[in-house]
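This is run39.txt. It holds compact mmCIF, C-alpha atoms.
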```
# COMPACT_ATOMS: atom_id res chain seq x y z
CA MET R 1 -29.01 -27.23 8.43
CA CYS R 2 -30.77 -23.97 7.58
CA SER R 3 -28.88 -22.12 10.29
CA SER R 4 -25.57 -23.53 9.10
CA GLY R 5 -26.29 -22.52 5.53
CA TRP R 6 -27.12 -18.99 6.58
CA ASP R 7 -23.96 -18.75 8.68
CA ASN R 8 -21.84 -19.83 5.72
CA LYS R 9 -23.55 -17.30 3.50
CA LYS R 10 -23.05 -14.58 6.08
CA GLU R 11 -19.35 -15.42 6.42
CA THR R 12 -18.92 -15.21 2.65
CA ILE R 13 -20.61 -11.82 2.54
CA MET R 14 -18.51 -10.52 5.42
CA LYS R 15 -15.22 -11.60 3.84
CA LYS R 16 -15.40 -9.40 0.80
CA VAL R 17 -12.71 -6.93 -0.22
CA CYS R 18 -12.54 -4.20 -2.85
CA VAL R 19 -9.28 -3.84 -4.76
CA ILE R 20 -8.55 -0.50 -6.43
CA LEU R 21 -6.58 -0.64 -9.66
CA ALA R 22 -5.24 2.26 -11.71
CA GLY R 23 -4.29 1.05 -15.16
CA SER R 24 -1.90 -1.76 -16.01
CA GLY R 25 1.89 -1.55 -15.80
CA HIS R 26 4.26 -0.32 -13.11
CA ALA R 27 5.38 2.86 -14.92
CA ASP R 28 1.94 4.33 -15.61
CA GLY R 29 -0.62 2.02 -14.00
CA SER R 30 -1.03 -0.59 -11.31
CA GLU R 31 2.04 -2.77 -10.79
CA ILE R 32 0.95 -6.01 -12.42
CA GLN R 33 2.95 -8.41 -10.26
CA GLU R 34 1.77 -6.72 -7.07
CA SER R 35 -1.82 -6.67 -8.30
CA VAL R 36 -1.83 -10.33 -9.33
CA SER R 37 -0.08 -11.30 -6.09
CA THR R 38 -2.88 -9.56 -4.20
CA LEU R 39 -5.59 -11.40 -6.11
CA ILE R 40 -3.83 -14.76 -5.74
CA ALA R 41 -3.46 -14.25 -1.99
CA LEU R 42 -7.12 -13.26 -1.65
CA SER R 43 -8.06 -16.42 -3.51
CA LYS R 44 -5.75 -18.51 -1.29
CA TYR R 45 -7.42 -17.23 1.87
CA GLU R 46 -10.90 -17.61 0.34
CA VAL R 47 -11.73 -13.92 0.44
CA SER R 48 -14.02 -12.76 -2.35
CA TYR R 49 -13.17 -9.48 -4.02
CA ASP R 50 -14.30 -6.94 -6.58
CA CYS R 51 -11.97 -4.71 -8.60
CA PHE R 52 -12.69 -1.03 -9.18
CA SER R 53 -10.97 1.81 -11.00
CA LEU R 54 -11.48 5.38 -12.19
CA ASP R 55 -13.15 5.68 -15.58
CA GLN R 56 -10.84 8.34 -16.98
CA ASP R 57 -7.69 8.79 -19.06
CA GLN R 58 -4.31 8.03 -17.51
CA TYR R 59 -1.98 10.87 -16.60
CA ASP R 60 0.44 9.53 -19.20
CA VAL R 61 1.30 6.37 -21.14
CA ILE R 62 4.76 4.82 -20.88
CA ASN R 63 6.34 2.32 -23.26
CA HIS R 64 7.41 -0.33 -20.78
CA PHE R 65 10.13 -1.61 -23.13
CA THR R 66 11.89 1.72 -23.66
CA SER R 67 10.66 3.49 -20.49
CA GLU R 68 9.78 6.46 -22.73
CA PRO R 69 6.43 8.29 -22.79
CA VAL R 70 4.28 7.81 -25.88
CA ALA R 71 1.76 10.20 -27.41
CA GLU R 72 -1.45 8.28 -26.86
CA LYS R 73 -4.33 8.08 -24.42
CA ARG R 74 -5.46 5.09 -22.41
CA ASN R 75 -8.33 4.68 -20.01
CA LEU R 76 -7.46 3.62 -16.46
CA MET R 77 -10.41 1.27 -16.04
CA HIS R 78 -10.05 -0.29 -19.49
CA GLU R 79 -6.35 -0.98 -18.91
CA ALA R 80 -6.96 -2.32 -15.39
CA ALA R 81 -9.53 -4.69 -16.89
CA ARG R 82 -6.55 -6.58 -18.37
CA ILE R 83 -5.51 -7.52 -14.82
CA ALA R 84 -9.04 -8.14 -13.59
CA ARG R 85 -9.92 -10.30 -16.64
CA GLY R 86 -12.65 -7.83 -17.52
CA ARG R 87 -14.37 -7.97 -14.13
CA ILE R 88 -13.98 -4.37 -13.04
CA ARG R 89 -16.32 -1.50 -12.29
CA ASP R 90 -16.26 2.26 -12.06
CA ILE R 91 -15.44 3.39 -8.54
CA SER R 92 -18.68 5.39 -8.52
CA LYS R 93 -20.47 2.01 -8.24
CA LEU R 94 -18.61 1.06 -5.06
CA ASP R 95 -20.85 0.75 -2.00
CA ILE R 96 -18.67 0.65 1.11
CA ASN R 97 -21.40 -1.25 2.98
CA ASN R 98 -20.72 -4.31 0.81
CA TYR R 99 -17.05 -4.60 1.80
CA SER R 100 -15.03 -5.29 4.92
CA ALA R 101 -11.67 -4.07 3.62
CA LEU R 102 -10.00 -1.97 0.94
CA ILE R 103 -6.69 -2.81 -0.77
CA PHE R 104 -4.49 -0.67 -3.02
CA PRO R 105 -1.69 -2.37 -5.00
CA GLY R 106 1.18 -0.08 -5.96
CA GLY R 107 2.64 1.17 -9.23
CA PHE R 108 2.99 4.68 -10.62
CA GLY R 109 -0.66 4.52 -11.62
CA ALA R 110 -1.49 5.07 -7.97
CA ALA R 111 1.03 7.91 -7.65
CA LYS R 112 -0.01 9.61 -10.91
CA ASN R 113 -3.74 8.99 -11.15
CA LEU R 114 -5.14 8.19 -7.71
CA CYS R 115 -3.05 11.02 -6.30
CA THR R 116 -0.47 13.50 -7.60
CA TYR R 117 2.48 12.40 -5.49
CA ALA R 118 4.53 11.31 -8.52
CA TYR R 119 4.84 14.86 -9.84
CA GLU R 120 3.95 17.08 -6.89
CA GLY R 121 5.63 15.18 -4.07
CA LYS R 122 4.53 15.85 -0.50
CA ASN R 123 2.58 18.90 -1.69
CA GLY R 124 0.38 16.73 -3.88
CA SER R 125 -3.23 15.74 -3.31
CA VAL R 126 -5.38 12.65 -3.46
CA ASP R 127 -8.21 12.37 -5.99
CA GLU R 128 -11.33 13.40 -4.08
CA ARG R 129 -13.16 10.15 -4.86
CA ILE R 130 -10.23 8.09 -3.61
CA LYS R 131 -9.71 10.30 -0.57
CA ARG R 132 -13.37 10.01 0.39
CA LEU R 133 -13.19 6.24 0.04
CA ILE R 134 -10.11 5.99 2.26
CA ILE R 135 -11.58 8.29 4.90
CA ASP R 136 -14.90 6.41 4.87
CA PHE R 137 -13.21 3.04 5.39
CA HIS R 138 -11.11 4.52 8.17
CA SER R 139 -14.06 6.17 9.89
CA GLN R 140 -16.00 2.90 9.80
CA GLU R 141 -12.98 1.09 11.28
CA LYS R 142 -12.62 -1.19 8.28
CA TYR R 143 -9.22 -2.47 7.24
CA ILE R 144 -7.15 -0.75 4.58
CA GLY R 145 -4.28 -2.56 2.85
CA ALA R 146 -1.65 -0.46 1.09
CA ILE R 147 1.16 -1.83 -1.05
CA CYS R 148 4.36 -0.25 -2.44
CA ILE R 149 3.80 3.48 -3.09
CA SER R 150 0.16 3.33 -1.92
CA PRO R 151 1.03 3.85 1.78
CA VAL R 152 2.22 7.35 0.86
CA MET R 153 -1.20 8.03 -0.65
CA ILE R 154 -2.89 6.69 2.49
CA GLY R 155 -0.76 9.05 4.56
CA MET R 156 -1.80 11.98 2.38
CA ALA R 157 -5.49 11.07 2.54
CA LEU R 158 -5.54 10.53 6.31
CA SER R 159 -3.37 13.53 7.20
CA GLY R 160 -5.16 15.32 10.02
CA VAL R 161 -7.69 12.49 10.25
CA ALA R 162 -5.84 9.47 11.64
CA GLN R 163 -3.92 9.62 14.92
CA ASP R 164 -0.58 7.83 15.38
CA LEU R 165 -0.70 6.44 11.85
CA LYS R 166 2.10 3.99 11.02
CA LEU R 167 3.07 3.15 7.43
CA THR R 168 5.97 1.54 5.64
CA PRO R 169 7.86 3.14 2.73
CA GLY R 170 10.20 0.16 2.54
CA PHE R 171 13.69 1.60 2.91
CA VAL R 172 13.03 4.70 0.77
CA GLU R 173 14.14 7.62 2.93
CA PRO R 174 12.56 10.46 0.87
CA ALA R 175 9.18 8.74 1.08
CA ALA R 176 9.72 8.21 4.81
CA GLU R 177 10.36 11.94 5.27
CA ASP R 178 7.23 12.77 3.29
CA MET R 179 5.20 10.43 5.50
CA LYS R 180 6.43 12.37 8.51
CA SER R 181 5.17 15.60 6.91
CA PHE R 182 1.71 14.00 6.74
CA GLY R 183 1.88 13.24 10.45
CA ALA R 184 2.54 9.52 9.97
CA GLU R 185 5.33 7.41 11.47
CA PRO R 186 7.38 5.62 8.77
CA VAL R 187 8.45 2.06 9.58
CA LEU R 188 11.39 0.87 7.48
CA LEU R 189 10.92 -2.76 6.44
CA ASN R 190 12.08 -5.43 4.03
CA SER R 191 9.74 -6.36 1.21
CA GLU R 192 8.66 -9.64 2.81
CA GLU R 193 7.54 -7.83 5.98
CA ILE R 194 4.40 -5.85 6.76
CA CYS R 195 3.63 -2.83 8.93
CA ILE R 196 0.64 -3.43 11.19
CA ASP R 197 -1.18 -0.37 12.51
CA GLU R 198 -3.98 -2.02 14.42
CA LYS R 199 -5.15 1.27 15.95
CA ASN R 200 -6.00 2.69 12.52
CA LYS R 201 -6.56 -0.72 10.88
CA VAL R 202 -4.03 0.13 8.16
CA ILE R 203 -1.74 -2.68 7.00
CA SER R 204 1.04 -1.83 4.57
CA ALA R 205 3.68 -3.75 2.64
CA PRO R 206 6.81 -2.37 0.90
CA ALA R 207 6.77 -4.67 -2.15
CA TYR R 208 8.74 -3.02 -5.00
CA MET R 209 9.43 0.18 -3.06
CA ASN R 210 12.62 -1.71 -2.28
CA GLY R 211 14.12 -1.82 -5.76
CA ASN R 212 16.23 -4.90 -5.11
CA ALA R 213 13.27 -7.02 -4.00
CA THR R 214 12.62 -10.32 -5.73
CA LEU R 215 9.15 -11.22 -6.94
CA PHE R 216 8.97 -13.94 -4.29
CA GLN R 217 9.81 -11.44 -1.52
CA VAL R 218 7.15 -9.11 -2.89
CA TYR R 219 4.61 -11.92 -2.91
CA LEU R 220 5.48 -13.01 0.63
CA GLY R 221 4.85 -9.51 1.96
CA ILE R 222 1.58 -9.15 0.08
CA GLU R 223 0.43 -12.59 1.21
CA LYS R 224 1.13 -11.64 4.83
CA LEU R 225 -0.89 -8.46 4.37
CA VAL R 226 -3.83 -10.36 2.88
CA GLU R 227 -3.60 -13.14 5.48
CA TYR R 228 -3.66 -10.63 8.33
CA ILE R 229 -6.66 -8.78 6.92
CA SER R 230 -8.49 -12.04 6.12
CA GLU R 231 -8.16 -13.15 9.74
CA LYS R 232 -9.56 -9.86 11.02
CA ILE R 233 -12.58 -9.31 8.81
```
Taking this structure as input, can you express it in the form of structure tokens?
Amino acid sequence: MCSSGWDNKKETIMKKVCVILAGSGHADGSEIQESVSTLIALSKYEVSYDCFSLDQDQYDVINHFTSEPVAEKRNLMHEAARIARGRIRDISKLDINNYSALIFPGGFGAAKNLCTYAYEGKNGSVDERIKRLIIDFHSQEKYIGAICISPVMIGMALSGVAQDLKLTPGFVEPAAEDMKSFGAEPVLLNSEEICIDEKNKVISAPAYMNGNATLFQVYLGIEKLVEYISEKI
């Protein structure tokens, strides 16, 4: 009985994932539907998770009704706490040794705050804290899940580090070309499909990169990503 209890405890510890959020809302933060789909899928496959973010102001704030920028400041972590129901921590508190995988939902928050791809394109850069995190997970051969625009950021961070990296940009050709410039191979996929790069342990899903995707298609792709990772960790 004691051995069984320890094994169960060990399995629970091993199956723990960190989810990185960057605000709340597809135009200036983490895409809410993608983020919630990720958390639901993790719950379905009984994988525990912790949410983290950067404790800093957003690049900008967008009125999601009018799609216009507004003159105000919002904190990435405070806004992401809306999605995480308050259970979120500063990324500086993240200890990679406590987690078996790393997942990034999409949204312009990732492209504007975790990296500068939204306004600098392929010449942009990844926030040093985020880049270090991605490289550390990769070097320790731990799984990385990337959703929507996040695969572009993974390509930027692992440029010159990962060999034969495969990522999906959905069917967005400009993003596919940018992935090539990072040394990655773009794999064009529907939103309910996933790109599996087992060599680099990077699993990516198009989600809303394909603008005509339904929420159910987005969820199906994210669920497949989470299911695959949950079976491997």
Show me the residues around (-10.1, 0.9, -13.1) - criterion: an atom at most 12 Å away, all atoms listed in the file counted - as a ChimeraX atom specification.
/R:18-24,29-30,50-58,74-94,104,109-110,113-114,130
Dump as a Markdown table the rows for residues of range 124-147 of chain R within 9 Å of range 178-200 of chain R: closest atom pair and distance in Å with one decimal, all atoms listed in the file counted, ordered by chain and rising residue number.
```
| residue | atom | partner | partner_atom | distance |
| --- | --- | --- | --- | --- |
| R:His138 | CA | R:Asn200 | CA | 7.0 |
| R:Glu141 | CA | R:Asn200 | CA | 7.3 |
| R:Lys142 | CA | R:Asn200 | CA | 8.8 |
| R:Tyr143 | CA | R:Asn200 | CA | 8.1 |
| R:Ile144 | CA | R:Asn200 | CA | 8.7 |
```
Best match for closeness to Gly160 in chain R among R:Ala27, R:Ile135, R:Val202, R:Ala207, counting all atoms listed in the file
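For Gly160 in chain R, the nearest of the given residues is R:Ile135.
The environment of range 34-39 of chain R within 8 Å, counting all atoms listed in the file and disregarding residues fewer than 3 places along the same chain, consists of R:Leu21, R:Ser30, R:Glu31, R:Leu42, R:Ser43, R:Ile83, R:Pro105, R:Gly106, R:Ile147, R:Ala207, R:Val218, R:Tyr219, R:Ile222, R:Glu223, R:Val226.
Distance annotation: of R:Asp127, R:Thr214, R:Ser230, R:Ala162, the residue with the minimal separation from Tyr49 in chain R is R:Ser230; atom set is all atoms listed in the file.
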Mind pulling up the distance from CA of Asp28 in chain R to CA of Met156 in chain R?
19.9 Å
Return the single residue from R:Asn123, R:Gly25, R:Ser48, R:Ile96 that is closest to Asn63 in chain R, with distances computed using all atoms listed in the file.
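Of R:Asn123, R:Gly25, R:Ser48, R:Ile96, the one nearest Asn63 in chain R is R:Gly25, counting all atoms listed in the file.
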Write out as a PDB file with C-alpha atoms, in the coordinates of the input each polymer residue whose atoms come within 9 Å of Ala71 in chain R, counting all atoms listed in the file; drop sequence neighbours fewer than 6 positions from it.
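Wrote it out as selection_5.pdb, contents follow:
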```pdb
ATOM      1  CA  ASP R  60       0.440   9.530 -19.200  1.00  0.00           C
ATOM      2  CA  VAL R  61       1.300   6.370 -21.140  1.00  0.00           C
ATOM      3  CA  ILE R  62       4.760   4.820 -20.880  1.00  0.00           C
TER       4      ILE R  62
END
```
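CA of Ile233 in chain R to CA of Gly221 in chain R spans 18.7 Å [interatomic distance, one decimal].
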As AutoDock Vina command-line options, please report the centre and edge lengths, rounded to one decimal in Å, of the axis-aligned box that holds all listed atoms of range 15-19 of chain R with 6 Å of padding on each of the six sides.
```
--center_x -12.3 --center_y -7.7 --center_z -0.5 --size_x 18.1 --size_y 19.8 --size_z 20.6
```
Rounded to one decimal in Å, what is the spacing between CA of Gly121 in chain R and CA of Met209 in chain R?
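Between CA of Gly121 in chain R and CA of Met209 in chain R the gap works out to 15.5 Å.
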Close residues, Arg132 in chain R itself excluded, 10 Å, all atoms listed in the file, min 6 positions apart in chain, as a PyMOL selection string:
chain R and resi 126+138+157-158
Using C-alpha atoms, can you write the selected residues to a file as a compact mmCIF listing (two decimals), in the frame of the given file?
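Wrote out-v3.txt, looks like this:
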```txt
# COMPACT_ATOMS: atom_id res chain seq x y z
CA VAL R 126 -5.38 12.65 -3.46
CA HIS R 138 -11.11 4.52 8.17
CA ALA R 157 -5.49 11.07 2.54
CA LEU R 158 -5.54 10.53 6.31
```
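Remark: for Met153 in chain R, the closest of the candidate residues R:Tyr117, R:Phe65, R:Tyr59, R:Tyr228 is R:Tyr117 (distances computed over only C-alpha atoms).
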